[in-house]
$ cat structure.pdb   # PDB, C-alpha atoms
ATOM      1  CA  VAL F   1     -50.003 157.453 -85.648
ATOM      2  CA  ARG F   2     -47.354 157.649 -82.871
ATOM      3  CA  HIS F   3     -48.481 154.294 -81.466
ATOM      4  CA  SER F   4     -48.279 152.742 -84.918
ATOM      5  CA  LEU F   5     -44.767 154.096 -85.424
ATOM      6  CA  SER F   6     -43.646 152.746 -82.054
ATOM      7  CA  ALA F   7     -44.961 149.326 -83.024
ATOM      8  CA  LYS F   8     -43.033 149.432 -86.300
ATOM      9  CA  VAL F   9     -39.840 150.397 -84.519
ATOM     10  CA  SER F  10     -40.241 147.712 -81.850
ATOM     11  CA  ASN F  11     -40.381 145.084 -84.575
ATOM     12  CA  MET F  12     -37.040 146.153 -86.032
ATOM     13  CA  THR F  13     -34.099 143.830 -85.649
ATOM     14  CA  ASP F  14     -32.149 144.140 -82.393
ATOM     15  CA  THR F  15     -28.849 144.104 -84.259
ATOM     16  CA  LYS F  16     -29.074 147.877 -84.803
ATOM     17  CA  SER F  17     -27.303 150.210 -82.430
ATOM     18  CA  PRO F  18     -29.298 152.501 -80.113
ATOM     19  CA  LEU F  19     -28.241 155.431 -82.306
ATOM     20  CA  SER F  20     -29.644 153.682 -85.408
ATOM     21  CA  HIS F  21     -32.910 153.014 -83.573
ATOM     22  CA  LYS F  22     -33.160 156.698 -82.678
ATOM     23  CA  ARG F  23     -32.570 157.740 -86.276
ATOM     24  CA  ASP F  24     -35.290 155.359 -87.448
ATOM     25  CA  ILE F  25     -37.745 156.766 -84.921
ATOM     26  CA  ASP F  26     -36.903 160.355 -85.824
ATOM     27  CA  SER F  27     -37.308 159.605 -89.525
ATOM     28  CA  LEU F  28     -40.688 157.935 -89.095
ATOM     29  CA  GLU F  29     -41.958 160.663 -86.784
ATOM     30  CA  THR F  30     -40.953 163.305 -89.336
ATOM     31  CA  MET F  31     -42.909 161.430 -91.997
ATOM     32  CA  ALA F  32     -45.950 161.289 -89.718
ATOM     33  CA  THR F  33     -45.701 165.023 -88.997
ATOM     34  CA  ASN F  34     -45.511 165.789 -92.714
ATOM     35  CA  ASP F  35     -48.571 163.597 -93.351
ATOM     36  CA  ASP F  36     -50.506 165.379 -90.594
ATOM     37  CA  GLU F  37     -49.617 168.783 -92.019
ATOM     38  CA  SER F  38     -50.595 167.641 -95.518
ATOM     39  CA  HIS F  39     -54.015 166.482 -94.282
ATOM     40  CA  LYS F  40     -54.575 169.736 -92.399
ATOM     41  CA  LYS F  41     -53.666 171.762 -95.481
ATOM     42  CA  GLN F  42     -56.037 169.685 -97.600
ATOM     43  CA  GLU F  43     -58.872 170.244 -95.107
ATOM     44  CA  GLN F  44     -58.265 174.005 -95.158
ATOM     45  CA  GLU F  45     -58.413 174.224 -98.960
ATOM     46  CA  ILE F  46     -61.887 174.563-100.471
ATOM     47  CA  PHE F  47     -62.561 171.509-102.584
ATOM     48  CA  PHE F  48     -63.342 172.324-106.248
ATOM     49  CA  GLU F  49     -63.660 176.023-105.426
ATOM     50  CA  THR F  50     -63.645 177.239-109.025
ATOM     51  CA  SER F  51     -63.693 176.049-112.608
ATOM     52  CA  THR F  52     -61.510 178.136-114.896
ATOM     53  CA  ALA F  53     -63.464 176.992-117.954
ATOM     54  CA  ALA F  54     -66.790 178.301-116.658
ATOM     55  CA  GLY F  55     -67.854 181.449-118.500
ATOM     56  CA  THR F  56     -70.311 182.352-115.747
ATOM     57  CA  THR F  57     -70.480 181.385-112.080
ATOM     58  CA  PHE F  58     -73.611 182.163-110.105
ATOM     59  CA  LYS F  59     -72.762 182.450-106.411
ATOM     60  CA  VAL F  60     -76.068 181.864-104.626
ATOM     61  CA  ARG F  61     -76.038 182.805-100.943
ATOM     62  CA  PHE F  62     -78.782 183.015 -98.324
ATOM     63  CA  PRO F  63     -78.536 185.457 -95.366
ATOM     64  CA  SER F  64     -80.127 182.814 -93.126
ATOM     65  CA  ASN F  65     -77.305 180.392 -93.945
ATOM     66  CA  ASP F  66     -73.893 181.497 -92.692
ATOM     67  CA  GLU F  67     -72.113 178.374 -93.931
ATOM     68  CA  GLY F  68     -69.964 178.393 -97.040
ATOM     69  CA  ALA F  69     -71.226 177.016-100.336
ATOM     70  CA  ARG F  70     -71.200 173.257 -99.766
ATOM     71  CA  PHE F  71     -72.426 172.390-103.260
ATOM     72  CA  ALA F  72     -71.667 173.395-106.830
ATOM     73  CA  VAL F  73     -73.582 172.457-109.977
ATOM     74  CA  GLY F  74     -71.676 172.212-113.252
ATOM     75  CA  TYR F  75     -73.477 172.403-116.605
ATOM     76  CA  TRP F  76     -73.749 174.296-119.884
ATOM     77  CA  SER F  77     -74.868 177.933-119.858
ATOM     78  CA  ILE F  78     -78.438 176.789-120.535
ATOM     79  CA  ARG F  79     -81.304 175.552-118.380
ATOM     80  CA  GLY F  80     -81.320 171.975-119.663
ATOM     81  CA  LEU F  81     -80.656 169.225-117.151
ATOM     82  CA  ALA F  82     -79.252 171.591-114.527
ATOM     83  CA  ALA F  83     -82.330 173.781-114.133
ATOM     84  CA  PRO F  84     -84.098 171.421-111.681
ATOM     85  CA  LEU F  85     -80.865 170.949-109.688
ATOM     86  CA  ARG F  86     -80.309 174.704-109.358
ATOM     87  CA  MET F  87     -83.976 175.176-108.462
ATOM     88  CA  MET F  88     -83.840 172.467-105.772
ATOM     89  CA  LEU F  89     -80.915 174.145-104.036
ATOM     90  CA  CYS F  90     -82.615 177.542-104.164
ATOM     91  CA  ALA F  91     -85.816 176.078-102.709
ATOM     92  CA  ALA F  92     -83.868 174.415 -99.898
ATOM     93  CA  LYS F  93     -82.069 177.722 -99.177
ATOM     94  CA  VAL F  94     -78.685 176.042 -99.499
ATOM     95  CA  ASN F  95     -75.662 178.122-100.513
ATOM     96  CA  PHE F  96     -74.177 176.925-103.803
ATOM     97  CA  ASP F  97     -72.219 177.861-106.904
ATOM     98  CA  ALA F  98     -73.438 177.238-110.444
ATOM     99  CA  PHE F  99     -70.604 176.797-112.937
ATOM    100  CA  GLN F 100     -71.918 177.474-116.445
ATOM    101  CA  TYR F 101     -69.879 176.449-119.491
ATOM    102  CA  ASP F 102     -70.298 178.240-122.816
ATOM    103  CA  LEU F 103     -70.594 176.454-126.146
ATOM    104  CA  LEU F 104     -69.036 178.796-128.710
ATOM    105  CA  GLU F 105     -69.000 179.006-132.481
ATOM    106  CA  GLN F 106     -65.968 177.531-134.208
ATOM    107  CA  GLY F 107     -65.489 178.163-137.914
ATOM    108  CA  ASP F 108     -68.467 178.199-140.227
ATOM    109  CA  ASP F 109     -70.472 175.419-138.652
ATOM    110  CA  GLY F 110     -68.528 173.970-135.705
ATOM    111  CA  TRP F 111     -68.723 174.390-131.943
ATOM    112  CA  SER F 112     -66.158 174.399-129.158
ATOM    113  CA  SER F 113     -65.983 174.901-125.401
ATOM    114  CA  GLU F 114     -63.269 175.489-122.841
ATOM    115  CA  TYR F 115     -65.006 172.784-120.815
ATOM    116  CA  PHE F 116     -63.682 170.151-123.238
ATOM    117  CA  THR F 117     -60.145 171.409-122.562
ATOM    118  CA  GLU F 118     -60.575 171.400-118.785
ATOM    119  CA  LYS F 119     -62.470 168.111-118.555
ATOM    120  CA  PRO F 120     -59.399 165.792-118.510
ATOM    121  CA  THR F 121     -57.862 167.918-115.735
ATOM    122  CA  LEU F 122     -61.070 167.770-113.682
ATOM    123  CA  ARG F 123     -61.273 164.019-114.214
ATOM    124  CA  GLU F 124     -57.757 163.492-112.877
ATOM    125  CA  ARG F 125     -57.700 166.138-110.131
ATOM    126  CA  TYR F 126     -60.972 165.063-108.550
ATOM    127  CA  HIS F 127     -60.624 161.317-109.213
ATOM    128  CA  GLN F 128     -63.851 161.111-111.211
ATOM    129  CA  PRO F 129     -63.441 158.922-114.314
ATOM    130  CA  LEU F 130     -67.129 159.481-115.192
ATOM    131  CA  MET F 131     -66.689 163.273-115.402
ATOM    132  CA  ASN F 132     -69.535 164.727-117.420
ATOM    133  CA  LEU F 133     -72.232 167.411-117.408
ATOM    134  CA  PRO F 134     -74.164 167.830-115.252
ATOM    135  CA  TYR F 135     -72.120 167.205-112.138
ATOM    136  CA  ILE F 136     -72.589 167.945-108.450
ATOM    137  CA  VAL F 137     -69.689 168.990-106.243
ATOM    138  CA  ASP F 138     -70.044 168.204-102.538
ATOM    139  CA  ARG F 139     -67.264 170.154-100.852
ATOM    140  CA  LYS F 140     -68.065 168.726 -97.415
ATOM    141  CA  GLU F 141     -67.526 165.166 -98.623
ATOM    142  CA  ARG F 142     -64.854 166.229-101.132
ATOM    143  CA  ALA F 143     -66.624 164.350-103.898
ATOM    144  CA  VAL F 144     -67.922 164.901-107.427
ATOM    145  CA  VAL F 145     -71.101 163.100-108.522
ATOM    146  CA  CYS F 146     -71.896 162.648-112.239
ATOM    147  CA  GLN F 147     -74.715 161.206-114.389
ATOM    148  CA  THR F 148     -78.025 163.045-114.270
ATOM    149  CA  ASN F 149     -80.266 160.850-112.118
ATOM    150  CA  ALA F 150     -77.363 160.134-109.761
ATOM    151  CA  CYS F 151     -77.020 163.912-109.342
ATOM    152  CA  PHE F 152     -80.743 164.209-108.611
ATOM    153  CA  SER F 153     -80.799 161.395-106.070
ATOM    154  CA  TYR F 154     -77.584 162.409-104.293
ATOM    155  CA  LEU F 155     -78.585 166.038-103.955
ATOM    156  CA  ALA F 156     -82.141 165.154-102.927
ATOM    157  CA  ARG F 157     -80.898 162.847-100.157
ATOM    158  CA  GLU F 158     -78.572 165.510 -98.805
ATOM    159  CA  ILE F 159     -81.158 168.327 -98.725
ATOM    160  CA  GLY F 160     -84.232 166.335 -97.676
ATOM    161  CA  MET F 161     -86.073 165.977-100.990
ATOM    162  CA  TRP F 162     -86.003 162.211-101.410
ATOM    163  CA  GLY F 163     -89.163 161.096 -99.555
ATOM    164  CA  GLU F 164     -89.690 159.714 -96.065
ATOM    165  CA  SER F 165     -89.759 155.957 -96.680
ATOM    166  CA  SER F 166     -88.295 153.247 -98.875
ATOM    167  CA  LEU F 167     -91.482 153.280-100.946
ATOM    168  CA  ASP F 168     -91.236 157.050-101.368
ATOM    169  CA  ILE F 169     -87.667 156.661-102.582
ATOM    170  CA  SER F 170     -88.711 154.042-105.145
ATOM    171  CA  LYS F 171     -91.469 156.357-106.362
ATOM    172  CA  CYS F 172     -88.945 159.166-106.751
ATOM    173  CA  GLU F 173     -86.678 156.882-108.760
ATOM    174  CA  GLU F 174     -89.537 155.708-110.992
ATOM    175  CA  LEU F 175     -90.699 159.238-111.684
ATOM    176  CA  LEU F 176     -87.222 160.564-112.458
ATOM    177  CA  CYS F 177     -86.872 157.837-115.081
ATOM    178  CA  GLU F 178     -90.297 158.579-116.575
ATOM    179  CA  ILE F 179     -89.656 162.340-116.677
ATOM    180  CA  TYR F 180     -86.280 161.686-118.292
ATOM    181  CA  ASP F 181     -88.178 159.915-121.089
ATOM    182  CA  ILE F 182     -90.193 163.126-121.557
ATOM    183  CA  ARG F 183     -86.953 165.115-121.720
ATOM    184  CA  ASN F 184     -85.467 162.722-124.284
ATOM    185  CA  ILE F 185     -88.403 163.413-126.592
ATOM    186  CA  MET F 186     -87.692 167.136-126.268
ATOM    187  CA  THR F 187     -83.941 166.886-126.868
ATOM    188  CA  GLY F 188     -84.409 164.426-129.737
ATOM    189  CA  PHE F 189     -86.609 166.990-131.445
ATOM    190  CA  ALA F 190     -84.570 170.085-130.530
ATOM    191  CA  TYR F 191     -81.172 168.736-131.580
ATOM    192  CA  GLY F 192     -82.152 166.255-134.281
ATOM    193  CA  THR F 193     -84.548 168.177-136.519
ATOM    194  CA  PRO F 194     -83.764 170.279-139.611
ATOM    195  CA  VAL F 195     -84.972 173.872-139.179
ATOM    196  CA  ALA F 196     -87.335 173.530-142.147
ATOM    197  CA  GLU F 197     -89.159 170.673-140.389
ATOM    198  CA  ARG F 198     -89.276 172.152-136.893
ATOM    199  CA  GLU F 199     -92.999 172.982-136.717
ATOM    200  CA  THR F 200     -94.249 169.585-137.877
ATOM    201  CA  ALA F 201     -91.617 167.752-135.807
ATOM    202  CA  GLY F 202     -92.409 169.952-132.796
ATOM    203  CA  ARG F 203     -96.096 169.089-132.899
ATOM    204  CA  ASP F 204     -95.183 165.402-133.197
ATOM    205  CA  ALA F 205     -92.915 165.737-130.146
ATOM    206  CA  VAL F 206     -95.727 167.278-128.088
ATOM    207  CA  LYS F 207     -98.086 164.480-129.140
ATOM    208  CA  LYS F 208     -95.538 161.827-128.194
ATOM    209  CA  ALA F 209     -94.723 163.460-124.840
ATOM    210  CA  LYS F 210     -98.405 163.534-123.912
ATOM    211  CA  GLY F 211     -98.258 159.729-123.632
ATOM    212  CA  SER F 212     -95.884 160.052-120.675
ATOM    213  CA  PHE F 213     -97.637 163.141-119.290
ATOM    214  CA  LYS F 214    -100.831 161.054-119.149
ATOM    215  CA  LYS F 215     -99.104 158.597-116.805
ATOM    216  CA  VAL F 216     -98.001 161.414-114.498
ATOM    217  CA  GLU F 217    -101.528 162.881-114.620
ATOM    218  CA  THR F 218    -102.859 159.545-113.355
ATOM    219  CA  ILE F 219    -100.394 159.582-110.455
ATOM    220  CA  LEU F 220    -101.437 163.104-109.434
ATOM    221  CA  LEU F 221    -105.121 162.219-109.807
ATOM    222  CA  SER F 222    -104.772 159.344-107.327
ATOM    223  CA  SER F 223    -102.620 161.321-104.875
ATOM    224  CA  SER F 224    -103.940 162.592-101.541
ATOM    225  CA  ASN F 225    -102.114 165.848-102.305
ATOM    226  CA  PRO F 226    -102.037 166.464-106.076
ATOM    227  CA  HIS F 227     -99.743 169.471-105.655
ATOM    228  CA  TYR F 228     -96.805 167.084-105.197
ATOM    229  CA  LEU F 229     -95.787 163.792-106.764
ATOM    230  CA  VAL F 230     -94.527 161.945-103.678
ATOM    231  CA  GLY F 231     -95.393 162.116 -99.991
ATOM    232  CA  GLY F 232     -97.234 165.440 -99.986
ATOM    233  CA  LYS F 233     -94.077 167.545-100.136
ATOM    234  CA  ALA F 234     -91.491 168.673-102.674
ATOM    235  CA  THR F 235     -89.132 165.964-103.911
ATOM    236  CA  ALA F 236     -86.623 165.811-106.756
ATOM    237  CA  PRO F 237     -89.070 164.640-109.473
ATOM    238  CA  ASP F 238     -91.344 167.647-108.795
ATOM    239  CA  PHE F 239     -88.577 169.981-109.928
ATOM    240  CA  HIS F 240     -87.793 168.027-113.072
ATOM    241  CA  LEU F 241     -91.493 167.742-113.921
ATOM    242  CA  PHE F 242     -91.943 171.496-113.465
ATOM    243  CA  GLU F 243     -89.063 172.243-115.844
ATOM    244  CA  MET F 244     -90.429 169.913-118.517
ATOM    245  CA  LEU F 245     -93.940 171.351-118.263
ATOM    246  CA  ASP F 246     -92.457 174.825-118.630
ATOM    247  CA  GLN F 247     -90.524 173.773-121.721
ATOM    248  CA  TYR F 248     -93.460 172.011-123.381
ATOM    249  CA  GLU F 249     -95.733 175.004-122.696
ATOM    250  CA  ASP F 250     -93.299 177.137-124.696
ATOM    251  CA  LEU F 251     -93.014 174.519-127.421
ATOM    252  CA  CYS F 252     -96.801 174.338-127.802
ATOM    253  CA  LYS F 253     -96.893 178.109-128.335
ATOM    254  CA  ASP F 254     -93.901 178.022-130.655
ATOM    255  CA  VAL F 255     -95.267 175.407-133.068
ATOM    256  CA  SER F 256     -99.017 176.018-132.575
ATOM    257  CA  ALA F 257     -99.580 172.650-130.898
ATOM    258  CA  GLY F 258    -102.643 173.734-128.893
ATOM    259  CA  ASP F 259    -103.182 173.593-125.134
ATOM    260  CA  LEU F 260    -100.757 171.257-123.381
ATOM    261  CA  TYR F 261    -103.196 170.835-120.476
ATOM    262  CA  GLU F 262    -106.367 170.203-122.474
ATOM    263  CA  ARG F 263    -106.773 166.746-120.930
ATOM    264  CA  PHE F 264    -104.436 167.195-117.975
ATOM    265  CA  PRO F 265    -106.137 169.317-115.268
ATOM    266  CA  CYS F 266    -103.983 167.853-112.486
ATOM    267  CA  LEU F 267    -100.752 168.709-114.294
ATOM    268  CA  LYS F 268    -102.031 172.236-114.869
ATOM    269  CA  ALA F 269    -102.886 172.638-111.169
ATOM    270  CA  PHE F 270     -99.493 171.195-110.217
ATOM    271  CA  LYS F 271     -97.661 173.690-112.456
ATOM    272  CA  ILE F 272     -99.638 176.702-111.203
ATOM    273  CA  ASN F 273     -99.120 175.761-107.561
ATOM    274  CA  PHE F 274     -95.435 174.894-107.887
ATOM    275  CA  GLU F 275     -94.465 178.124-109.584
ATOM    276  CA  SER F 276     -96.366 180.113-106.932
ATOM    277  CA  LEU F 277     -94.508 178.608-103.955
ATOM    278  CA  SER F 278     -92.491 181.213-102.039
ATOM    279  CA  GLU F 279     -89.415 178.987-101.907
ATOM    280  CA  ASN F 280     -89.293 178.877-105.716
ATOM    281  CA  GLN F 281     -89.422 182.623-106.317
ATOM    282  CA  LEU F 282     -85.702 183.339-106.026
ATOM    283  CA  TYR F 283     -84.861 180.884-108.771
ATOM    284  CA  LEU F 284     -87.807 181.709-111.058
ATOM    285  CA  LYS F 285     -87.062 185.435-110.948
ATOM    286  CA  SER F 286     -83.309 185.018-111.361
ATOM    287  CA  GLN F 287     -81.161 185.168-114.488
ATOM    288  CA  MET F 288     -80.678 181.418-114.215
ATOM    289  CA  HIS F 289     -84.299 181.018-115.330
ATOM    290  CA  THR F 290     -85.415 184.221-117.065
ATOM    291  CA  GLN F 291     -82.298 185.064-119.100
ATOM    292  CA  THR F 292     -80.876 181.616-119.780
ATOM    293  CA  PRO F 293     -81.960 179.606-122.853
ATOM    294  CA  ILE F 294     -83.495 176.166-122.566
ATOM    295  CA  ASN F 295     -81.137 174.553-125.062
ATOM    296  CA  ASN F 296     -77.750 175.169-126.648
ATOM    297  CA  CYS F 297     -77.241 177.369-129.698
ATOM    298  CA  MET F 298     -77.589 174.683-132.385
ATOM    299  CA  ALA F 299     -81.063 173.584-131.198
ATOM    300  CA  VAL F 300     -84.155 174.330-133.313
ATOM    301  CA  PHE F 301     -86.106 175.264-130.176
ATOM    302  CA  GLY F 302     -85.205 177.266-127.068
ATOM    303  CA  SER F 303     -81.712 178.201-128.285
ATOM    304  CA  ALA F 304     -81.982 181.780-127.016
ATOM    305  CA  PRO F 305     -83.810 183.233-123.985
ATOM    306  CA  GLY F 306     -87.548 183.394-124.578
ATOM    307  CA  ARG F 307     -88.565 181.558-127.731
ATOM    308  CA  PRO F 308     -86.457 182.994-130.587
ATOM    309  CA  LEU F 309     -83.869 180.821-132.310
ATOM    310  CA  TYR F 310     -80.186 181.599-131.976
ATOM    311  CA  LYS F 311     -78.686 182.846-135.225
ATOM    312  CA  ARG F 312     -75.046 182.173-135.913
ATOM    313  CA  GLY F 313     -72.969 185.286-135.307
ATOM    314  CA  GLN F 314     -75.441 186.982-132.970
ATOM    315  CA  ALA F 315     -74.533 188.274-129.494
ATOM    316  CA  ALA F 316     -75.063 185.842-126.601
ATOM    317  CA  PRO F 317     -75.338 188.002-123.448
ATOM    318  CA  TRP F 318     -76.103 184.970-121.265
ATOM    319  CA  MET F 319     -72.548 183.711-121.814
ATOM    320  CA  ASN F 320     -69.212 184.776-120.316
ATOM    321  CA  GLN F 321     -70.689 186.905-117.535
ATOM    322  CA  GLY F 322     -68.033 186.177-114.920
ATOM    323  CA  ASP F 323     -69.103 185.907-111.278
ATOM    324  CA  ILE F 324     -72.683 186.883-110.422
ATOM    325  CA  ALA F 325     -73.812 187.154-106.791
ATOM    326  CA  LEU F 326     -77.401 186.096-106.180
ATOM    327  CA  SER F 327     -79.363 186.266-102.919
ATOM    328  CA  PRO F 328     -82.963 186.942-101.769
TER
END
$ encode --input "structure.pdb" --output "structure tokens"
Amino acid sequence: VRHSLSAKVSNMTDTKSPLSHKRDIDSLETMATNDDESHKKQEQEIFFETSTAAGTTFKVRFPSNDEGARFAVGYWSIRGLAAPLRMMLCAAKVNFDAFQYDLLEQGDDGWSSEYFTEKPTLRERYHQPLMNLPYIVDRKERAVVCQTNACFSYLAREIGMWGESSLDISKCEELLCEIYDIRNIMTGFAYGTPVAERETAGRDAVKKAKGSFKKVETILLSSSNPHYLVGGKATAPDFHLFEMLDQYEDLCKDVSAGDLYERFPCLKAFKINFESLSENQLYLKSQMHTQTPINNCMAVFGSAPGRPLYKRGQAAPWMNQGDIALSP
């Protein structure tokens, strides 16, 4: 910076007096000092440390990791799209925060959230015009990543769950898209079905999803290690697949749709193995999984923890819990 300032001053016109030159130099050096101090202050501040609109913040910390929480995951106070992201970070033993936003009743049949109020501020403060849920905060890079599969791929690259080769990466991308199709069937049913039609529509959703599950079954069947989708180790699509299998298992029980795995032995073996892995136990035994509903309150499936439906006016103990510390 000093060299640059000297160059600027040397290019000034020689008609100025020595005193004027000195004033120019002093002024520019003061500006440079102020810029340096501003950058230092910015580096000392924790990027996106909190979200005032979050009703609950899980602060997940591992004793083996003495670094601060590099990442944060922002999403509704449900499992939904964030469940695999939270689970990935737990499995990787990476410190992180999970900001969970509550969707609250408004009037007789409306819904509101403090997230909607804070969203414009987050968009402007963190220079993210695509601000949406879910999002990933990377405090090291001082960046916010949005859009679901972008969140999966970014996080997976940073924590080593994105395969070992270019072909592995392409397989991860393909599978995330396919599993997202399975999720869209679930959300289309859960949020777009009248309560009176939920059982028939639920069975239809399971039948439709089995078309995509069959494709994933074929991939596992041809794999050298059918406990994982790509490269014989955990990658991002494994976590999303696990969450969807878990949801469809519950849906099958809820609407009497039979055995999800009747023709999918590889998917069944994958699910049993994945939920038994030691690195997945912290997440699976935590409130983020056991006491958090699959879907939001207006859904006709998974709108309360377990399998009951949320009823308007009932207590929602999974919301507005403040800060919760979580560690092994």
$ resolve_selection --input "structure.pdb" --expression "the PyMOL selection byres ((chain F and resi 152) around 9)" --output "list in words"
Pro84, Leu85, Ile136, Gln147, Thr148, Asn149, Ala150, Cys151, Ser153, Tyr154, Leu155, Ala156, Arg157, Leu176, Ala236 and Pro237 of chain F
$ atom_distance --input "structure.pdb" --atom1 "atom CA of F:Lys210" --atom2 "atom CA of F:Asn184"
13.0 Å
$ atom_distance --input "structure.pdb" --atom1 "atom CA of F:Thr117" --atom2 "atom CA of F:Gln291"
26.3 Å
$ resolve_selection --input "structure.pdb" --expression "the PyMOL selection byres ((chain F and resi 71) around 7)" --output "count of residues only"
10
$ atom_distance --input "structure.pdb" --atom1 "atom CA of F:Ile185" --atom2 "atom CA of F:Ala205"
6.2 Å
$ resolve_selection --input "structure.pdb" --expression "the PyMOL selection byres ((chain F and resi 254) around 9)" --output "VMD selection string"
chain F and resid 199 202 249 to 253 255 to 257 301 307 to 308
